[in-house]
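K.L.:
Below is the file entry_0.csv, which contains CSV, C-alpha atoms and all ligand atoms.
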chain,number,residue,atom,x,y,z
A,6,MET,CA,42.5,177.6,-73.1
A,7,ALA,CA,44.0,180.3,-75.2
A,8,ASP,CA,42.2,183.7,-74.9
A,9,SER,CA,43.2,187.2,-75.7
A,10,SER,CA,45.6,187.2,-72.8
A,11,THR,CA,47.5,184.1,-74.1
A,12,PRO,CA,50.8,185.2,-75.5
A,13,SER,CA,50.6,184.4,-79.2
A,14,PHE,CA,52.0,185.1,-82.6
A,15,LYS,CA,49.8,187.4,-84.7
A,16,ALA,CA,48.7,186.9,-88.3
A,17,ALA,CA,49.2,190.7,-88.8
A,18,ASP,CA,53.0,190.1,-88.3
A,19,LEU,CA,53.0,187.4,-91.1
A,20,VAL,CA,56.0,187.6,-93.5
A,21,ILE,CA,55.6,186.1,-96.9
A,22,GLN,CA,58.6,185.0,-99.0
A,23,LEU,CA,57.3,183.7,-102.3
A,24,SER,CA,59.0,180.8,-104.1
A,25,SER,CA,60.9,181.9,-107.2
A,26,SER,CA,60.3,178.6,-108.9
A,27,PRO,CA,56.8,177.4,-108.1
A,28,ASN,CA,56.0,173.9,-109.5
A,29,THR,CA,53.4,173.0,-111.9
A,30,LYS,CA,50.4,171.7,-110.1
A,31,PRO,CA,50.2,167.9,-110.6
A,32,CYS,CA,46.5,166.9,-110.8
A,33,ASP,CA,47.0,163.2,-111.5
A,34,VAL,CA,46.2,160.7,-108.9
A,35,PHE,CA,49.3,159.9,-106.8
A,36,SER,CA,50.0,158.4,-103.4
A,37,PHE,CA,48.4,160.5,-100.7
A,38,GLY,CA,50.8,162.8,-98.9
A,39,THR,CA,53.8,162.5,-101.2
A,40,VAL,CA,53.6,165.7,-103.2
A,41,PHE,CA,53.5,169.0,-101.4
A,42,THR,CA,52.7,172.5,-102.5
A,43,ASP,CA,55.2,175.3,-103.1
A,44,HIS,CA,55.0,177.0,-99.7
A,45,MET,CA,54.9,176.2,-96.0
A,46,LEU,CA,54.1,178.2,-92.9
A,47,THR,CA,56.5,178.1,-89.9
A,48,ILE,CA,56.2,179.8,-86.5
A,49,GLU,CA,59.0,179.4,-84.0
A,50,TRP,CA,58.7,179.6,-80.2
A,51,SER,CA,61.1,179.7,-77.4
A,52,VAL,CA,60.6,180.1,-73.7
A,53,THR,CA,62.9,183.1,-73.6
A,54,GLU,CA,61.7,184.9,-76.7
A,55,GLY,CA,58.1,183.7,-76.9
A,56,TRP,CA,56.5,183.4,-80.3
A,57,GLN,CA,58.2,184.8,-83.4
A,58,ALA,CA,56.5,186.3,-86.4
A,59,PRO,CA,54.8,183.7,-88.6
A,60,LEU,CA,56.5,183.1,-91.9
A,61,ILE,CA,55.3,181.7,-95.2
A,62,LYS,CA,58.3,180.5,-97.2
A,63,PRO,CA,59.2,178.1,-100.0
A,64,PHE,CA,58.7,174.5,-98.9
A,65,GLU,CA,61.9,173.1,-97.6
A,66,ASN,CA,63.4,170.5,-95.3
A,67,LEU,CA,63.6,171.2,-91.6
A,68,SER,CA,66.9,171.3,-89.8
A,69,VAL,CA,66.6,170.0,-86.2
A,70,HIS,CA,69.1,169.1,-83.6
A,71,PRO,CA,69.7,165.3,-83.4
A,72,ALA,CA,68.8,165.3,-79.7
A,73,CYS,CA,65.5,167.1,-80.5
A,74,SER,CA,62.8,165.7,-78.1
A,75,SER,CA,60.2,165.4,-80.7
A,76,LEU,CA,62.4,162.7,-82.3
A,77,HIS,CA,63.3,161.0,-79.1
A,78,TYR,CA,60.2,161.2,-77.0
A,79,GLY,CA,57.4,162.0,-79.4
A,80,VAL,CA,56.8,165.5,-78.0
A,81,GLN,CA,54.7,166.6,-81.0
A,82,LEU,CA,51.2,166.6,-82.5
A,83,PHE,CA,49.4,167.3,-85.7
A,84,GLU,CA,46.0,168.1,-87.2
A,85,GLY,CA,44.3,167.3,-90.5
A,86,LEU,CA,41.7,169.3,-92.4
A,87,LYS,CA,41.0,170.1,-96.0
A,88,ALA,CA,40.3,173.0,-98.3
A,89,TYR,CA,37.6,172.4,-100.9
A,90,ARG,CA,37.1,174.3,-104.2
A,91,GLY,CA,33.4,175.0,-104.7
A,92,ASP,CA,31.3,175.1,-107.8
A,93,ASP,CA,31.6,178.9,-107.5
A,94,ASN,CA,35.4,178.5,-107.6
A,95,ARG,CA,35.7,179.8,-104.0
A,96,LEU,CA,37.8,177.9,-101.5
A,97,ARG,CA,36.3,176.7,-98.2
A,98,LEU,CA,37.5,175.0,-95.1
A,99,PHE,CA,35.1,172.9,-93.0
A,100,ARG,CA,34.6,174.0,-89.4
A,101,PRO,CA,38.4,174.8,-89.0
A,102,MET,CA,38.1,176.3,-85.5
A,103,LEU,CA,37.3,172.8,-84.3
A,104,ASN,CA,40.7,171.7,-85.5
A,105,MET,CA,42.4,174.7,-84.0
A,106,ASN,CA,40.7,174.0,-80.7
A,107,ARG,CA,41.7,170.3,-80.8
A,108,MET,CA,45.2,171.3,-81.7
A,109,CYS,CA,45.4,173.5,-78.5
A,110,ASN,CA,44.1,170.6,-76.4
A,111,SER,CA,46.8,168.3,-77.9
A,112,ALA,CA,49.4,171.0,-77.3
A,113,LYS,CA,48.4,171.2,-73.6
A,114,ARG,CA,48.7,167.4,-73.3
A,115,ALA,CA,52.2,167.5,-75.0
A,116,CYS,CA,53.4,170.4,-72.8
A,117,LEU,CA,53.8,172.6,-75.9
A,118,PRO,CA,52.9,176.3,-75.6
A,119,ALA,CA,49.4,177.8,-76.1
A,120,PHE,CA,48.6,180.2,-79.0
A,121,ASP,CA,45.6,182.1,-80.2
A,122,GLN,CA,43.5,179.8,-82.3
A,123,SER,CA,42.1,182.4,-84.6
A,124,GLU,CA,45.5,183.8,-85.3
A,125,LEU,CA,46.7,180.4,-86.5
A,126,LEU,CA,43.6,180.0,-88.6
A,127,GLU,CA,44.2,183.3,-90.3
A,128,CYS,CA,47.9,182.3,-91.0
A,129,ILE,CA,46.6,179.0,-92.5
A,130,ARG,CA,44.1,180.9,-94.6
A,131,ARG,CA,46.9,183.0,-96.0
A,132,LEU,CA,49.0,179.9,-96.7
A,133,VAL,CA,46.1,178.3,-98.6
A,134,GLU,CA,45.5,181.5,-100.5
A,135,THR,CA,49.2,181.6,-101.4
A,136,ASP,CA,49.0,178.1,-102.9
A,137,GLN,CA,45.4,178.3,-104.0
A,138,GLY,CA,46.3,177.1,-107.5
A,139,TRP,CA,47.0,173.6,-105.9
A,140,VAL,CA,43.4,173.2,-104.8
A,141,PRO,CA,41.9,170.7,-107.3
A,142,HIS,CA,39.1,171.8,-109.6
A,143,SER,CA,37.0,168.8,-108.5
A,144,ASP,CA,34.0,168.2,-106.3
A,145,SER,CA,35.5,165.0,-105.0
A,146,ALA,CA,39.0,166.1,-104.2
A,147,GLY,CA,40.6,168.8,-102.0
A,148,LEU,CA,43.8,170.2,-100.6
A,149,TYR,CA,44.9,168.5,-97.4
A,150,ILE,CA,46.2,170.8,-94.7
A,151,ARG,CA,48.6,169.3,-92.1
A,152,PRO,CA,49.4,171.6,-89.2
A,153,THR,CA,52.2,170.1,-87.1
A,154,PHE,CA,53.7,171.2,-83.8
A,155,ILE,CA,57.0,169.8,-82.6
A,156,SER,CA,59.3,170.3,-79.7
A,157,THR,CA,62.7,171.4,-81.1
A,158,GLU,CA,64.3,171.2,-77.6
A,159,PRO,CA,67.9,170.3,-78.3
A,160,SER,CA,68.6,168.1,-75.3
A,161,LEU,CA,68.0,164.6,-74.1
A,162,GLY,CA,66.4,165.5,-70.8
A,163,VAL,CA,62.8,164.3,-70.5
A,164,LYS,CA,61.3,167.7,-69.8
A,165,LYS,CA,59.0,170.4,-70.9
A,166,PRO,CA,60.4,171.9,-74.1
A,167,ASN,CA,62.0,175.4,-74.2
A,168,HIS,CA,62.0,175.4,-78.0
A,169,ALA,CA,59.2,174.5,-80.4
A,170,LEU,CA,58.2,174.9,-84.0
A,171,LEU,CA,54.7,175.0,-85.4
A,172,TYR,CA,54.5,174.5,-89.1
A,173,VAL,CA,51.8,173.8,-91.7
A,174,ILE,CA,52.3,171.9,-95.0
A,175,LEU,CA,49.8,171.2,-97.8
A,176,CYS,CA,49.3,168.4,-100.3
A,177,GLN,CA,46.6,167.4,-102.7
A,178,ALA,CA,44.1,164.8,-101.5
A,179,GLY,CA,42.4,162.7,-104.2
A,180,PRO,CA,38.8,161.7,-104.5
A,181,TYR,CA,37.4,160.0,-101.5
A,182,PHE,CA,33.8,159.0,-101.0
A,183,THR,CA,32.5,157.3,-104.2
A,184,ASN,CA,29.2,155.6,-104.3
A,185,ASP,CA,30.5,152.3,-105.4
A,186,ALA,CA,33.5,152.3,-103.0
A,187,GLU,CA,34.0,148.8,-101.6
A,188,ALA,CA,32.9,148.6,-98.0
A,189,LEU,CA,35.9,148.2,-95.7
A,190,SER,CA,36.9,145.0,-94.0
A,191,LEU,CA,38.1,145.3,-90.4
A,192,TRP,CA,40.1,143.0,-88.2
A,193,ALA,CA,39.1,143.0,-84.5
A,194,ASP,CA,41.6,141.4,-82.1
A,195,PRO,CA,41.7,142.6,-78.4
A,196,LYS,CA,45.4,141.9,-78.2
A,197,TYR,CA,46.3,145.4,-79.4
A,198,THR,CA,45.0,148.5,-77.8
A,199,ARG,CA,44.9,151.9,-79.6
A,200,ALA,CA,44.3,154.1,-76.5
A,201,TRP,CA,43.5,153.7,-72.8
A,202,LYS,CA,42.0,155.8,-70.1
A,203,GLY,CA,44.4,158.5,-69.0
A,204,GLY,CA,46.4,158.1,-72.2
A,205,THR,CA,46.6,160.3,-75.3
A,206,GLY,CA,44.1,158.6,-77.5
A,207,ASP,CA,41.9,161.8,-77.6
A,208,CYS,CA,44.8,163.9,-78.9
A,209,LYS,CA,46.3,163.8,-82.4
A,210,MET,CA,49.8,162.9,-81.1
A,211,GLY,CA,52.1,161.0,-83.5
A,212,GLY,CA,52.9,158.2,-81.0
A,213,ASN,CA,49.3,157.0,-81.2
A,214,TYR,CA,49.7,156.3,-84.9
A,215,GLY,CA,53.3,155.0,-85.0
A,216,CYS,CA,52.3,152.3,-82.5
A,217,SER,CA,49.3,151.3,-84.5
A,218,LEU,CA,51.3,150.1,-87.5
A,219,LEU,CA,52.1,146.6,-86.4
A,220,ALA,CA,48.4,145.9,-85.8
A,221,GLN,CA,47.5,147.5,-89.1
A,222,TYR,CA,49.9,145.1,-91.0
A,223,GLU,CA,48.6,142.1,-89.0
A,224,ALA,CA,45.1,143.1,-90.2
A,225,VAL,CA,46.4,143.0,-93.8
A,226,ASP,CA,47.9,139.6,-93.1
A,227,TYR,CA,44.4,138.4,-92.1
A,228,GLY,CA,43.0,139.8,-95.4
A,229,CYS,CA,41.5,142.9,-93.8
A,230,GLN,CA,42.0,146.6,-94.7
A,231,GLN,CA,41.9,148.2,-91.2
A,232,VAL,CA,41.9,147.4,-87.5
A,233,LEU,CA,38.7,147.6,-85.5
A,234,TRP,CA,40.1,148.9,-82.1
A,235,LEU,CA,38.6,147.2,-79.1
A,236,TYR,CA,38.9,148.2,-75.5
A,237,GLY,CA,38.5,146.4,-72.2
A,238,GLU,CA,37.4,143.0,-71.0
A,239,ASP,CA,34.0,143.5,-72.7
A,240,HIS,CA,35.6,144.3,-76.1
A,241,GLN,CA,34.1,147.7,-76.5
A,242,ILE,CA,34.1,149.0,-80.0
A,243,THR,CA,36.1,152.2,-80.1
A,244,GLU,CA,37.5,153.3,-83.5
A,245,ALA,CA,38.1,151.8,-87.0
A,246,GLY,CA,41.6,152.5,-88.2
A,247,THR,CA,41.9,156.3,-87.9
A,248,MET,CA,38.2,156.8,-88.1
A,249,ASN,CA,35.4,157.2,-85.6
A,250,ILE,CA,32.8,154.5,-85.9
A,251,PHE,CA,29.0,154.6,-86.1
A,252,LEU,CA,26.4,151.9,-85.8
A,253,HIS,CA,23.0,152.4,-87.4
A,254,TRP,CA,20.7,149.7,-85.9
A,255,ILE,CA,17.5,148.8,-84.1
A,256,SER,CA,18.7,148.9,-80.5
A,257,GLU,CA,18.0,146.4,-77.8
A,258,ASP,CA,14.9,148.4,-77.0
A,259,GLY,CA,13.6,148.1,-80.5
A,260,GLU,CA,14.3,151.7,-81.4
A,261,GLU,CA,16.0,152.9,-84.6
A,262,GLU,CA,19.3,154.4,-83.4
A,263,LEU,CA,22.5,155.9,-84.7
A,264,ALA,CA,25.2,155.3,-82.0
A,265,THR,CA,28.8,156.1,-81.6
A,266,PRO,CA,31.1,155.6,-78.6
A,267,PRO,CA,31.3,158.5,-76.1
A,268,LEU,CA,34.3,160.9,-75.7
A,269,ASP,CA,35.6,159.3,-72.6
A,270,GLY,CA,39.3,159.9,-73.2
A,271,ILE,CA,40.0,157.0,-75.6
A,272,ILE,CA,38.1,158.3,-78.6
A,273,LEU,CA,39.5,161.0,-80.9
A,274,PRO,CA,37.0,163.8,-81.0
A,275,GLY,CA,36.5,163.9,-84.8
A,276,VAL,CA,35.2,167.0,-86.5
A,277,THR,CA,33.3,164.6,-88.9
A,278,ARG,CA,31.9,162.7,-85.9
A,279,GLN,CA,30.6,165.8,-84.2
A,280,SER,CA,29.1,167.0,-87.5
A,281,ILE,CA,27.3,163.7,-88.1
A,282,LEU,CA,25.9,163.8,-84.6
A,283,GLU,CA,24.7,167.4,-85.0
A,284,LEU,CA,23.3,166.8,-88.5
A,285,THR,CA,21.4,163.7,-87.7
A,286,ARG,CA,20.1,165.1,-84.3
A,287,ASN,CA,18.8,168.0,-86.3
A,288,TRP,CA,16.9,165.7,-88.6
A,289,GLY,CA,15.1,164.3,-85.6
A,290,GLU,CA,14.2,161.1,-87.4
A,291,PHE,CA,15.8,158.6,-85.1
A,292,LYS,CA,17.6,158.4,-81.8
A,293,VAL,CA,21.2,159.6,-82.0
A,294,THR,CA,23.3,158.4,-79.0
A,295,GLU,CA,26.8,158.5,-77.7
A,296,ARG,CA,27.1,155.2,-75.8
A,297,TYR,CA,29.3,152.2,-75.2
A,298,LEU,CA,28.9,149.4,-77.8
A,299,THR,CA,30.5,146.0,-77.3
A,300,MET,CA,31.3,143.2,-79.7
A,301,SER,CA,28.7,140.9,-78.0
A,302,GLN,CA,26.0,143.5,-78.5
A,303,LEU,CA,27.0,143.8,-82.1
A,304,CYS,CA,27.1,140.0,-82.7
A,305,CYS,CA,23.7,139.6,-81.0
A,306,ALA,CA,22.2,142.4,-83.2
A,307,LEU,CA,23.7,140.8,-86.3
A,308,LYS,CA,22.1,137.5,-85.4
A,309,GLN,CA,18.8,139.1,-84.9
A,310,GLN,CA,19.2,141.2,-88.1
A,311,ARG,CA,18.9,144.5,-86.3
A,312,VAL,CA,22.0,146.1,-87.9
A,313,ARG,CA,21.4,148.5,-90.8
A,314,GLU,CA,24.8,149.9,-91.4
A,315,ILE,CA,28.2,150.4,-89.8
A,316,PHE,CA,30.5,153.2,-91.0
A,317,GLY,CA,33.6,155.0,-90.2
A,318,SER,CA,34.0,158.8,-90.3
A,319,GLY,CA,37.0,161.1,-90.7
A,320,THR,CA,38.2,164.0,-92.8
A,321,ALA,CA,40.2,161.7,-95.1
A,322,CYS,CA,37.3,159.6,-96.4
A,323,MET,CA,34.4,161.5,-94.8
A,324,ILE,CA,32.2,158.4,-94.5
A,325,CYS,CA,33.2,154.9,-95.2
A,326,PRO,CA,30.8,151.9,-95.0
A,327,ILE,CA,32.1,148.8,-93.3
A,328,GLY,CA,31.3,145.5,-94.9
A,329,HIS,CA,33.1,142.8,-92.8
A,330,ILE,CA,34.5,142.3,-89.4
A,331,VAL,CA,36.8,139.4,-88.6
A,332,TYR,CA,36.4,138.6,-84.9
A,333,GLN,CA,37.4,135.5,-83.0
A,334,GLY,CA,37.8,133.5,-86.1
A,335,GLU,CA,34.5,134.5,-87.5
A,336,ASN,CA,33.8,136.6,-90.5
A,337,LEU,CA,30.9,138.9,-89.6
A,338,ASN,CA,29.0,140.1,-92.5
A,339,ILE,CA,27.7,143.7,-92.0
A,340,PRO,CA,24.6,144.5,-94.0
A,341,CYS,CA,24.3,147.5,-96.3
A,342,GLN,CA,21.2,149.4,-97.0
A,343,GLU,CA,19.6,149.7,-100.4
A,344,LYS,CA,21.4,152.5,-102.3
A,345,ASP,CA,18.5,154.9,-102.0
A,346,SER,CA,18.0,154.5,-98.3
A,347,GLN,CA,21.6,154.5,-97.4
A,348,LEU,CA,22.3,156.8,-94.4
A,349,THR,CA,26.0,157.1,-95.5
A,350,LEU,CA,25.0,158.5,-98.9
A,351,ARG,CA,22.6,161.0,-97.4
A,352,ILE,CA,25.1,162.2,-94.8
A,353,ALA,CA,27.9,162.4,-97.3
A,354,LYS,CA,25.7,164.5,-99.6
A,355,GLU,CA,24.7,166.9,-96.9
A,356,LEU,CA,28.3,167.4,-95.8
A,357,THR,CA,29.8,167.7,-99.2
A,358,ASP,CA,27.1,170.2,-100.2
A,359,ILE,CA,28.3,172.4,-97.4
A,360,GLN,CA,32.0,171.8,-98.1
A,361,TYR,CA,31.6,172.6,-101.8
A,362,GLY,CA,29.3,175.6,-101.2
A,363,ARG,CA,26.1,174.2,-102.6
A,364,THR,CA,24.3,174.6,-99.3
A,365,PRO,CA,25.1,177.8,-97.4
A,366,SER,CA,26.2,177.0,-93.9
A,367,ASP,CA,28.2,178.6,-91.1
A,368,TRP,CA,30.1,175.3,-91.0
A,369,ALA,CA,31.9,176.6,-94.2
A,370,PHE,CA,34.8,179.0,-93.7
A,371,LEU,CA,35.6,181.0,-96.8
A,372,VAL,CA,39.3,181.3,-97.6
A,401,LIG,C1,41.8,162.3,-87.1
A,401,LIG,C2,41.1,161.1,-86.5
A,401,LIG,C3,39.7,160.9,-86.6
A,401,LIG,C4,38.8,161.7,-87.5
A,401,LIG,O1,38.8,163.0,-87.1
A,401,LIG,P1,38.2,164.1,-88.1
A,401,LIG,O2,38.4,165.4,-87.4
A,401,LIG,O3,36.8,163.8,-88.4
A,401,LIG,O4,39.1,164.0,-89.3
A,401,LIG,C5,39.2,159.8,-86.0
A,401,LIG,N1,40.0,158.9,-85.3
A,401,LIG,C6,41.3,159.1,-85.2
A,401,LIG,C7,42.1,158.1,-84.4
A,401,LIG,C8,41.9,160.2,-85.8
A,401,LIG,O5,43.2,160.3,-85.7
Is it possible to give me this structure as structure tokens?
Ligand SMILES: *Cc1c(COP(=O)(O)O)cnc(C)c1O
P.N.:
Amino acid sequence: MADSSTPSFKAADLVIQLSSSPNTKPCDVFSFGTVFTDHMLTIEWSVTEGWQAPLIKPFENLSVHPACSSLHYGVQLFEGLKAYRGDDNRLRLFRPMLNMNRMCNSAKRACLPAFDQSELLECIRRLVETDQGWVPHSDSAGLYIRPTFISTEPSLGVKKPNHALLYVILCQAGPYFTNDAEALSLWADPKYTRAWKGGTGDCKMGGNYGCSLLAQYEAVDYGCQQVLWLYGEDHQITEAGTMNIFLHWISEDGEEELATPPLDGIILPGVTRQSILELTRNWGEFKVTERYLTMSQLCCALKQQRVREIFGSGTACMICPIGHIVYQGENLNIPCQEKDSQLTLRIAKELTDIQYGRTPSDWAFLV
């Protein structure tokens, strides 16, 4: 854990070199993650010199040694969060310290150096402020923030890096949750595993995502949009694509329950997941549980019509209802609630009201 004694860069040392040719701000819908803002944040580290001063500079390509261990061995990690422009025209981040904290946990797992989380958040705040013109004027879009931390160790030895680079880039993120969005279809086949006990599934490390691609394209071949990741002999339900998963149902005990798998090392600890748990526990209207859920429990509940809704959660889409699961040759139809009783709509509204400043909350961090 980073604390005040952790050697770290300081936001007070930040150097800002502004671009002499900022781009116009494209607001049209384009493919996510392809158009980046004018500036980036970079912070270099080496074992001999420690952390260098943070730098905001015009967006540019990196130059890394071809033997760099992030390229060869995946010694790297990333984060994902968004800046939202409120109705009051102020910019807000959503619980960003949770991302900073998760980033430090991933760094520890990747043998990358620790840093002070609030110093990084302040540097990110300054970057977003620098490129604030890029944050869409929309209450359904935002600016996606991608902190990245890579080893720049210029040697082929499989070892703890002596050189690293932490950088942050920004791009516009289009509208996500819309009321009439099609419910997702998922392909569930236990032959692929996203994460395993003792592995890195609870960290945002690139390797977790690169090795999911083949399954993702197989899901598409089977006419589905995403993979439902199963685990173990009992086909535990773990995550949907790159989202955490929630089941709203009447449990085996006849109780209304919102359930999601526990953080046992194979689940990515999502900020949205945590927020949904806290929000709905606070309502106190039904049981909210972190528990194991298996495909056979789900199939049984579907047969007995005990399932109300299944949805995925994550920063990208916030909440995404799931409509179908293809499992062992069967197309399982997941019911959806009537529009006005939909849990997904209610949660999405409460969360977006905080993100866009309509409901005051200490979950919102003003830029
Ligand atoms: C990022 C991510 C999530 C969602 O996390 P949020 O913090 O809510 O965006 C869920 N599952 C996986 C595998 C992820 O990479």
K.L.:
Which polymer residues, whether protein, DNA or RNA, lie within 10 Å of the coordinate (61.7, 180.5, -78.5) when you count all atoms listed in the file? List them as a list in words, using the chain letters and numbers from the file.
P.N.:
Ile48, Glu49, Trp50, Ser51, Val52, Thr53, Glu54, Gly55, Trp56, Gln57, Thr157, Glu158, Pro166, Asn167, His168, Ala169 and Leu170 of chain A
K.L.:
Around ligand LIG 401 (chain A), at most 10 Å away and counting only C-alpha atoms and all ligand atoms, which residues are there? Put them as a ChimeraX atom specification, please.
P.N.:
/A:83-87,99-101,103-104,107,199-200,206-211,213-214,217,234,243-250,271-281,317-324
K.L.:
Report as number ranges by chain all protein, DNA and RNA residues lying within 8 Å of A:Asn106, evaluated on all atoms listed in the file, omitting residues in the same chain fewer than 4 positions from it.
P.N.:
A: 102, 110, 122
K.L.:
What is the atom CA of A:Thr39-atom CA of A:Gly179 distance in Å, reported with one decimal?
P.N.:
11.8 Å
K.L.:
Counting all atoms listed in the file, which of A:Leu148, A:Lys308, A:Ser36, A:Pro59 gets nearest to A:Leu126?
P.N.:
A:Pro59
K.L.:
Mind pulling up the distance from atom CA of A:Ser256 to atom CA of A:Gly237?
P.N.:
21.6 Å
K.L.:
Do a neighbour search on A:Gln177 at 12 Å with only C-alpha atoms, toss out local chain neighbours closer than 3 positions, and write the hits as a ChimeraX atom specification.
P.N.:
/A:30-43,86-90,133,136-143,145-151,174,180-181,321
K.L.:
With only C-alpha atoms as the atoms that count, which of A:Thr153, A:Gln81, A:Thr47, A:Gln221 lies nearest to A:Leu233?
P.N.:
A:Gln221
